[in-house]
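Chemist: Sharing a structure with you now.
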Amino acid sequence: MKVRLYVCVCALLAVFSVISACRKRGASSVPQTPAALSAPERIVTLSPAATEIVCAAGAFNRLAARSDFCDFPPEVKTLPSAGGFDGKTISLETVLSFSPDFVYMTKGIHDHLVPLLQAQGIRTYLSDADSVQSVLDEISYIGKITGNEKTAQSVCNGILCDIEKIKLSCTGKRPSVYWEVWSQPYMSAGGKSFINELISIAGGENIFSAVEQSYPVVSEEAVIMANPEIIFISDAQKDGVLAVKSRSGWKEIDAVKNNRIYSLNADVVSRPGPRIAQAASLLHEKIYSVNAQVQVE
């Protein structure tokens with residue numbers, strides 16, 4: 001369980017926190033693809049989000065291998081693995097053994113593999129998705145290079161439609177939210193994080209939205225002083241809800257007093273891929289129920 005939690009946290013931080021200082025929020029990091037380049041036939045994906053995007057874009061049949069932690073959609077588990085998500089567990093020789101012509105990776109984790117793969121004439125792509133728009137751009141890009149533009153566009157349209165429905169249903173007061181990424185030390189989602197955007201879409205107000213870092217280390221005192229009405233934690237944390245309730249000084253926090261500590265599916269809410277609308281929906285379901293209770297109170 002500890003290993004799974006560590007992997008979830010590393011994946012979350014690696015995917016969302018490595019953001020270019022000169023990049024504007026919502027801007028796309030997707031490169032332009034010369035029309036002359038042929039569609040890749042053998043794709044290796046080294047992150048769960050990358051695998052989900054390739055499959056959503058209708059290119060499952062192009063996948064030659066995936067990472068150990070790629071488990072959605074279920075059929076990807078029938079594919080061979082190229083190794084773990086962490087760049088230190090990825091062997092160049094193993095990746096090359098699948099004869100890829102396109103390797104889909106994550107910025108901040110797999111950067112060192114780029115020059116090595118390109119030296120072999122292999123096309124590469126480093127995901128740097130840090131917003132809903134950048135995820136949509138990435139899905140569109142994979143659809144374009146694999147010749148599945150219509151499928152990818154349909155997926156993007158569905159995501160936008162679902163998110164718009166969620167936004168329209170967000171009425172009334174926005175409950176304050178503390179999102180716990182990690183507890184040793186305490187780490188949360190800041191204003192430039194993908195998670196902050198999801199909380200806002202779902203109708204909540206992130207207590208650390210004013211913090212510029214994507215995933216800042218925060219003090220226990222800061223959380224207590226903010227007195228969040230909702231606390232979200234990962235379901236990878238063993239006895240997570242009980243552990244939060246037992247923390248010294250936390251009993252007076254609104255979320256703790258009113259049993260509004262929610263454990264969420266980490267695989268859904270931490271992956272910047274085609275299930276982002278589902279992630280927003282999971283958050284909205286909890287936030288909406290709390291909002292209704294607050295209105296009655």
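We name chains A, B, ... following the order of the structure tokens; residues begin at 1 in each chain, and ligands are numbered from 1 as shown.
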Segment 101-292 of chain A: which residues are strand (DSSP E or B) by DSSP, as a ChimeraX atom specification?

Modeler: /A:102-106,123-127,176-183,186-188,205-206,217,230-234,261-264

Chemist: Would you mind exporting the chosen residues as a short mmCIF file (atom, residue, chain, number, x, y, z; two decimals), in the first residue's frame, restricted to C-alpha atoms?

Modeler:
```cif
data_model
loop_
_atom_site.label_atom_id
_atom_site.label_comp_id
_atom_site.auth_asym_id
_atom_site.auth_seq_id
_atom_site.Cartn_x
_atom_site.Cartn_y
_atom_site.Cartn_z
CA PHE A 102 7.05 7.01 -31.03
CA VAL A 103 7.63 7.20 -27.25
CA TYR A 104 5.16 9.17 -25.14
CA MET A 105 6.63 10.36 -21.83
CA THR A 106 6.28 12.88 -18.99
CA ARG A 123 10.00 10.44 -32.31
CA THR A 124 9.30 11.51 -28.74
CA TYR A 125 6.72 13.54 -26.86
CA LEU A 126 6.96 14.86 -23.30
CA SER A 127 3.62 15.55 -21.66
CA SER A 176 -13.63 25.85 1.13
CA VAL A 177 -11.49 22.83 0.22
CA TYR A 178 -8.20 21.44 1.48
CA TRP A 179 -6.64 18.96 -0.94
CA GLU A 180 -4.00 16.80 0.70
CA VAL A 181 -1.41 15.50 -1.71
CA TRP A 182 0.91 14.26 1.00
CA SER A 183 1.13 14.38 4.80
CA TYR A 186 1.97 18.35 4.45
CA MET A 187 1.65 19.14 0.79
CA SER A 188 -1.35 20.59 -1.00
CA GLU A 205 -12.73 27.14 -3.29
CA ASN A 206 -9.20 25.85 -2.74
CA VAL A 217 4.56 22.29 1.24
CA ILE A 230 -14.10 19.87 2.96
CA ILE A 231 -10.93 17.77 2.99
CA PHE A 232 -10.01 15.55 0.04
CA ILE A 233 -7.39 12.81 0.37
CA SER A 234 -6.21 9.97 -1.84
CA ILE A 261 -13.32 14.14 4.78
CA TYR A 262 -13.52 12.32 1.48
CA SER A 263 -11.23 9.69 0.04
CA LEU A 264 -11.06 9.87 -3.76
#
```

Chemist: Find the residues near Pro100 of chain A: any atom within 8 Å, counting only C-alpha atoms, skip ones fewer than 6 places away on the same chain, and give them as a VMD selection string.

Modeler: chain A and resid 41 to 44 64 122

Chemist: Save the residues we just selected, N, CA, C and O atoms, as a PDB file, in the first residue's frame?

Modeler:
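Done, and the output landed in selection.pdb:
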```pdb
ATOM      1  N   GLU A  41       3.421   3.706 -35.803  1.00  0.00           N
ATOM      2  CA  GLU A  41       2.816   2.375 -35.822  1.00  0.00           C
ATOM      3  C   GLU A  41       3.054   1.603 -34.532  1.00  0.00           C
ATOM      4  O   GLU A  41       2.282   0.722 -34.176  1.00  0.00           O
ATOM      5  N   ARG A  42       4.165   1.953 -33.843  1.00  0.00           N
ATOM      6  CA  ARG A  42       4.495   1.260 -32.598  1.00  0.00           C
ATOM      7  C   ARG A  42       4.790   2.306 -31.518  1.00  0.00           C
ATOM      8  O   ARG A  42       5.861   2.902 -31.499  1.00  0.00           O
ATOM      9  N   ILE A  43       3.805   2.503 -30.648  1.00  0.00           N
ATOM     10  CA  ILE A  43       3.900   3.524 -29.601  1.00  0.00           C
ATOM     11  C   ILE A  43       4.197   2.874 -28.247  1.00  0.00           C
ATOM     12  O   ILE A  43       3.569   1.884 -27.880  1.00  0.00           O
ATOM     13  N   VAL A  44       5.141   3.460 -27.535  1.00  0.00           N
ATOM     14  CA  VAL A  44       5.413   3.043 -26.161  1.00  0.00           C
ATOM     15  C   VAL A  44       5.033   4.207 -25.256  1.00  0.00           C
ATOM     16  O   VAL A  44       5.492   5.335 -25.467  1.00  0.00           O
ATOM     17  N   ALA A  64       2.635  -0.625 -28.391  1.00  0.00           N
ATOM     18  CA  ALA A  64       3.543  -1.772 -28.349  1.00  0.00           C
ATOM     19  C   ALA A  64       3.867  -2.152 -26.903  1.00  0.00           C
ATOM     20  O   ALA A  64       4.112  -3.319 -26.605  1.00  0.00           O
ATOM     21  N   ILE A 122      13.928   7.917 -33.232  1.00  0.00           N
ATOM     22  CA  ILE A 122      12.590   7.673 -32.683  1.00  0.00           C
ATOM     23  C   ILE A 122      11.952   8.994 -32.271  1.00  0.00           C
ATOM     24  O   ILE A 122      12.567   9.799 -31.567  1.00  0.00           O
TER      25      ILE A 122
END
```

Chemist: Residues at most 10 Å from Phe60 of chain A, counting only C-alpha atoms, excluding those fewer than 6 positions away in the same chain, as a list in words?

Modeler: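 Contacts, in chain order: Ile43, Thr51, Glu52, Ile53, Val54, Pro73, Glu75 and Val76 of chain A.
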
Chemist: Write the residues of the preceding selection, restricted to all heavy atoms, as an mmCIF file, in the first residue's frame.

Modeler:
```cif
data_model
loop_
_atom_site.group_PDB
_atom_site.id
_atom_site.type_symbol
_atom_site.label_atom_id
_atom_site.label_comp_id
_atom_site.auth_asym_id
_atom_site.auth_seq_id
_atom_site.Cartn_x
_atom_site.Cartn_y
_atom_site.Cartn_z
ATOM 1 N N ILE A 43 3.805 2.503 -30.648
ATOM 2 C CA ILE A 43 3.900 3.524 -29.601
ATOM 3 C C ILE A 43 4.197 2.874 -28.247
ATOM 4 O O ILE A 43 3.569 1.884 -27.880
ATOM 5 C CB ILE A 43 2.581 4.316 -29.495
ATOM 6 C CG1 ILE A 43 2.261 5.006 -30.825
ATOM 7 C CG2 ILE A 43 2.653 5.342 -28.371
ATOM 8 C CD1 ILE A 43 0.896 5.675 -30.853
ATOM 9 N N THR A 51 -1.080 6.571 -21.684
ATOM 10 C CA THR A 51 -1.749 5.369 -22.176
ATOM 11 C C THR A 51 -3.243 5.611 -22.355
ATOM 12 O O THR A 51 -3.842 5.218 -23.364
ATOM 13 C CB THR A 51 -1.525 4.188 -21.211
ATOM 14 O OG1 THR A 51 -0.117 3.916 -21.124
ATOM 15 C CG2 THR A 51 -2.236 2.934 -21.697
ATOM 16 N N GLU A 52 -3.851 6.272 -21.377
ATOM 17 C CA GLU A 52 -5.281 6.565 -21.466
ATOM 18 C C GLU A 52 -5.592 7.467 -22.656
ATOM 19 O O GLU A 52 -6.602 7.288 -23.344
ATOM 20 C CB GLU A 52 -5.771 7.212 -20.169
ATOM 21 C CG GLU A 52 -5.791 6.248 -18.992
ATOM 22 C CD GLU A 52 -6.544 6.808 -17.785
ATOM 23 O OE1 GLU A 52 -7.447 7.648 -17.986
ATOM 24 O OE2 GLU A 52 -6.225 6.397 -16.649
ATOM 25 N N ILE A 53 -4.726 8.444 -22.901
ATOM 26 C CA ILE A 53 -4.952 9.361 -24.025
ATOM 27 C C ILE A 53 -4.841 8.638 -25.358
ATOM 28 O O ILE A 53 -5.669 8.825 -26.256
ATOM 29 C CB ILE A 53 -3.962 10.544 -23.955
ATOM 30 C CG1 ILE A 53 -4.372 11.481 -22.811
ATOM 31 C CG2 ILE A 53 -3.914 11.304 -25.280
ATOM 32 C CD1 ILE A 53 -3.433 12.646 -22.582
ATOM 33 N N VAL A 54 -3.830 7.795 -25.508
ATOM 34 C CA VAL A 54 -3.659 7.043 -26.758
ATOM 35 C C VAL A 54 -4.892 6.174 -27.019
ATOM 36 O O VAL A 54 -5.404 6.123 -28.146
ATOM 37 C CB VAL A 54 -2.385 6.170 -26.708
ATOM 38 C CG1 VAL A 54 -2.357 5.196 -27.892
ATOM 39 C CG2 VAL A 54 -1.140 7.053 -26.739
ATOM 40 N N PRO A 73 -7.613 1.958 -20.072
ATOM 41 C CA PRO A 73 -8.685 0.976 -19.919
ATOM 42 C C PRO A 73 -8.121 -0.436 -19.641
ATOM 43 O O PRO A 73 -6.946 -0.683 -19.907
ATOM 44 C CB PRO A 73 -9.418 1.038 -21.256
ATOM 45 C CG PRO A 73 -8.421 1.581 -22.222
ATOM 46 C CD PRO A 73 -7.551 2.513 -21.447
ATOM 47 N N GLU A 75 -7.987 -3.263 -20.976
ATOM 48 C CA GLU A 75 -7.297 -4.060 -21.997
ATOM 49 C C GLU A 75 -5.810 -3.747 -22.099
ATOM 50 O O GLU A 75 -5.041 -4.553 -22.628
ATOM 51 C CB GLU A 75 -7.958 -3.875 -23.369
ATOM 52 C CG GLU A 75 -8.078 -2.442 -23.851
ATOM 53 C CD GLU A 75 -9.433 -1.841 -23.551
ATOM 54 O OE1 GLU A 75 -10.047 -2.222 -22.529
ATOM 55 O OE2 GLU A 75 -9.869 -0.968 -24.335
ATOM 56 N N VAL A 76 -5.363 -2.597 -21.580
ATOM 57 C CA VAL A 76 -3.934 -2.290 -21.684
ATOM 58 C C VAL A 76 -3.105 -3.219 -20.811
ATOM 59 O O VAL A 76 -1.897 -3.376 -21.030
ATOM 60 C CB VAL A 76 -3.634 -0.818 -21.313
ATOM 61 C CG1 VAL A 76 -4.418 0.130 -22.197
ATOM 62 C CG2 VAL A 76 -3.906 -0.541 -19.847
#
```

Chemist: Mind checking which residues fall within 10 Å of Val132 of chain A, counting only C-alpha atoms, ignoring those fewer than 6 positions away in the same chain, and posting them as an MDAnalysis selection string?

Modeler: chainID A and resid 26 138 159:160 163 194:195 197:198 272:274 276:277

Chemist: Please produce a file of those selected residues containing C-alpha atoms, as a compact mmCIF listing (two decimals), in the first residue's frame.

Modeler:
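Written output follows (out-v5.txt):
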```txt
# COMPACT_ATOMS: atom_id res chain seq x y z
CA GLY A 26 -3.89 27.35 -20.45
CA GLU A 138 -2.69 16.72 -26.00
CA ILE A 159 -15.12 16.40 -21.96
CA LEU A 160 -16.01 20.04 -22.63
CA ILE A 163 -17.41 20.10 -17.68
CA PHE A 194 -4.32 21.17 -12.33
CA ILE A 195 -6.10 20.15 -9.12
CA GLU A 197 -8.71 24.09 -11.61
CA LEU A 198 -10.69 20.91 -10.98
CA PRO A 272 -4.26 14.49 -16.68
CA GLY A 273 -6.07 12.48 -19.31
CA PRO A 274 -9.47 11.76 -20.83
CA ILE A 276 -10.69 14.71 -16.24
CA ALA A 277 -14.43 15.37 -16.53
```

Chemist: Quick one: pull the distance between atom CA of Asp86 of chain A and atom CA of Ser270 of chain A, Å, one decimal.

Modeler: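 The value is 15.7 Å.
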
Chemist: Given the choices A:Gly240, A:Gly147, A:Pro216, A:Gly84, which gets closest to Leu37 of chain A if the distance is worked out from only C-alpha atoms?

Modeler: A:Gly147

Chemist: Can you check which residues of segment 203-276 of chain A DSSP gives as helix (DSSP H, G or I) on the backbone and send them as a list in words?

Modeler: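 Matching residues, listed in order: Glu220, Glu221, Ala222, Val223, Ile224, Met225, Ala226, Gly240, Val241, Leu242, Ala243, Val244, Lys245, Asp254, Ala255, Val256, Lys257, Ala266, Asp267, Val268, Val269 and Ile276 of chain A.
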
Chemist: Neighbours of Ala65 of chain A within 8 Å (only C-alpha atoms; same-chain residues fewer than 4 positions away dropped), as a list of chain:residue names?

Modeler: A:Ile43, A:Val44, A:Thr45, A:Leu79, A:Pro80, A:Ser81, A:Ala82, A:Phe98

Chemist: Those selected residues, please, written with N, CA, C and O atoms and delivered as a PDB file, in the first residue's frame.

Modeler:
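Saved the output as selection_29.pdb:
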```pdb
ATOM      1  N   ILE A  43       3.805   2.503 -30.648  1.00  0.00           N
ATOM      2  CA  ILE A  43       3.900   3.524 -29.601  1.00  0.00           C
ATOM      3  C   ILE A  43       4.197   2.874 -28.247  1.00  0.00           C
ATOM      4  O   ILE A  43       3.569   1.884 -27.880  1.00  0.00           O
ATOM      5  N   VAL A  44       5.141   3.460 -27.535  1.00  0.00           N
ATOM      6  CA  VAL A  44       5.413   3.043 -26.161  1.00  0.00           C
ATOM      7  C   VAL A  44       5.033   4.207 -25.256  1.00  0.00           C
ATOM      8  O   VAL A  44       5.492   5.335 -25.467  1.00  0.00           O
ATOM      9  N   THR A  45       4.177   3.959 -24.279  1.00  0.00           N
ATOM     10  CA  THR A  45       3.746   4.993 -23.337  1.00  0.00           C
ATOM     11  C   THR A  45       4.352   4.707 -21.969  1.00  0.00           C
ATOM     12  O   THR A  45       4.286   3.585 -21.485  1.00  0.00           O
ATOM     13  N   LEU A  79      -0.970  -5.818 -22.466  1.00  0.00           N
ATOM     14  CA  LEU A  79       0.234  -5.409 -23.186  1.00  0.00           C
ATOM     15  C   LEU A  79       1.478  -5.608 -22.325  1.00  0.00           C
ATOM     16  O   LEU A  79       1.410  -5.544 -21.096  1.00  0.00           O
ATOM     17  N   PRO A  80       2.624  -5.821 -22.940  1.00  0.00           N
ATOM     18  CA  PRO A  80       3.867  -5.952 -22.168  1.00  0.00           C
ATOM     19  C   PRO A  80       4.248  -4.614 -21.546  1.00  0.00           C
ATOM     20  O   PRO A  80       3.839  -3.552 -22.019  1.00  0.00           O
ATOM     21  N   SER A  81       5.024  -4.658 -20.461  1.00  0.00           N
ATOM     22  CA  SER A  81       5.442  -3.439 -19.770  1.00  0.00           C
ATOM     23  C   SER A  81       6.891  -3.095 -20.085  1.00  0.00           C
ATOM     24  O   SER A  81       7.757  -3.965 -20.194  1.00  0.00           O
ATOM     25  N   ALA A  82       7.121  -1.774 -20.202  1.00  0.00           N
ATOM     26  CA  ALA A  82       8.473  -1.289 -20.452  1.00  0.00           C
ATOM     27  C   ALA A  82       9.158  -0.883 -19.151  1.00  0.00           C
ATOM     28  O   ALA A  82      10.306  -0.439 -19.168  1.00  0.00           O
ATOM     29  N   PHE A  98      11.106  -2.913 -27.875  1.00  0.00           N
ATOM     30  CA  PHE A  98       9.765  -2.960 -28.464  1.00  0.00           C
ATOM     31  C   PHE A  98       9.708  -2.302 -29.842  1.00  0.00           C
ATOM     32  O   PHE A  98       8.633  -2.155 -30.426  1.00  0.00           O
TER      33      PHE A  98
END
```

Chemist: So the first atom is atom CA of Lys167 of chain A and the second is atom CA of Ala202 of chain A; what is the distance between them in Å, to one decimal place?

Modeler: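 We find that atom CA of Lys167 of chain A and atom CA of Ala202 of chain A lie 6.7 Å from each other.
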
Chemist: Counting only C-alpha atoms, what is within 7 Å of segment 190-192 of chain A, bar same-chain residues fewer than 2 positions away, as a PDB file with N, CA and C atoms, in the first residue's frame?

Modeler:
```pdb
ATOM      1  N   SER A 188      -0.021  20.375  -0.447  1.00  0.00           N
ATOM      2  CA  SER A 188      -1.354  20.593  -0.997  1.00  0.00           C
ATOM      3  C   SER A 188      -1.267  21.073  -2.440  1.00  0.00           C
ATOM      4  N   PHE A 194      -3.180  21.754 -11.623  1.00  0.00           N
ATOM      5  CA  PHE A 194      -4.316  21.175 -12.332  1.00  0.00           C
ATOM      6  C   PHE A 194      -5.460  20.888 -11.356  1.00  0.00           C
ATOM      7  N   ASN A 196      -6.208  22.524  -8.630  1.00  0.00           N
ATOM      8  CA  ASN A 196      -6.890  23.769  -8.283  1.00  0.00           C
ATOM      9  C   ASN A 196      -7.991  24.079  -9.295  1.00  0.00           C
ATOM     10  N   PHE A 208      -5.709  27.055  -0.695  1.00  0.00           N
ATOM     11  CA  PHE A 208      -4.355  27.476  -1.062  1.00  0.00           C
ATOM     12  C   PHE A 208      -4.289  27.974  -2.511  1.00  0.00           C
ATOM     13  N   SER A 209      -5.401  28.473  -3.025  1.00  0.00           N
ATOM     14  CA  SER A 209      -5.434  28.957  -4.409  1.00  0.00           C
ATOM     15  C   SER A 209      -4.553  30.190  -4.612  1.00  0.00           C
ATOM     16  N   ALA A 210      -4.280  30.936  -3.539  1.00  0.00           N
ATOM     17  CA  ALA A 210      -3.461  32.142  -3.657  1.00  0.00           C
ATOM     18  C   ALA A 210      -1.967  31.836  -3.655  1.00  0.00           C
ATOM     19  N   VAL A 211      -1.628  30.590  -3.355  1.00  0.00           N
ATOM     20  CA  VAL A 211      -0.215  30.192  -3.344  1.00  0.00           C
ATOM     21  C   VAL A 211       0.226  29.908  -4.775  1.00  0.00           C
ATOM     22  N   GLU A 212       1.313  30.521  -5.199  1.00  0.00           N
ATOM     23  CA  GLU A 212       1.720  30.428  -6.596  1.00  0.00           C
ATOM     24  C   GLU A 212       2.277  29.068  -6.999  1.00  0.00           C
ATOM     25  N   GLN A 213       2.930  28.386  -6.070  1.00  0.00           N
ATOM     26  CA  GLN A 213       3.492  27.081  -6.424  1.00  0.00           C
ATOM     27  C   GLN A 213       2.387  26.105  -6.788  1.00  0.00           C
ATOM     28  N   SER A 214       2.717  25.174  -7.645  1.00  0.00           N
ATOM     29  CA  SER A 214       1.736  24.175  -8.061  1.00  0.00           C
ATOM     30  C   SER A 214       1.370  23.242  -6.914  1.00  0.00           C
ATOM     31  N   TYR A 215       2.390  22.713  -6.233  1.00  0.00           N
ATOM     32  CA  TYR A 215       2.143  21.784  -5.129  1.00  0.00           C
ATOM     33  C   TYR A 215       3.039  22.161  -3.955  1.00  0.00           C
ATOM     34  N   PRO A 216       2.625  23.178  -3.183  1.00  0.00           N
ATOM     35  CA  PRO A 216       3.463  23.688  -2.091  1.00  0.00           C
ATOM     36  C   PRO A 216       3.432  22.814  -0.839  1.00  0.00           C
TER      37      PRO A 216
END
```

Chemist: If I take atom CA of Pro175 of chain A and atom CA of Ile253 of chain A, how far is one from the other in Å, to one decimal?

Modeler: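 Atom-to-atom, atom CA of Pro175 of chain A and atom CA of Ile253 of chain A are spaced 13.2 Å apart.
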
Chemist: For Ile224 of chain A, list every protein, DNA or RNA residue within 10 Å, evaluated using only C-alpha atoms, and leave out those in the same chain fewer than 2 positions away; present the list as a VMD selection string.

Modeler: chain A and resid 219 to 222 226 to 228 249 to 254

Chemist: Nearest to Asn157 of chain A among A:Ile139, A:Lys173, A:Ser289, A:Ala39, with distances taken over only C-alpha atoms: which residue is it?

Modeler: A:Ile139

Chemist: Nearest residue to Asn148 of chain A out of A:Asn61, A:Asn259, A:Asn265, A:Gln118, using only C-alpha atoms?

Modeler: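 Going through A:Asn61, A:Asn259, A:Asn265, A:Gln118 one by one, the smallest distance to Asn148 of chain A is for A:Asn61.
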
Chemist: Taking only C-alpha atoms into account, name the residue in A:Ala255, A:Leu63, A:Val95, A:Ile287 that is nearest to Arg174 of chain A.

Modeler: A:Ile287
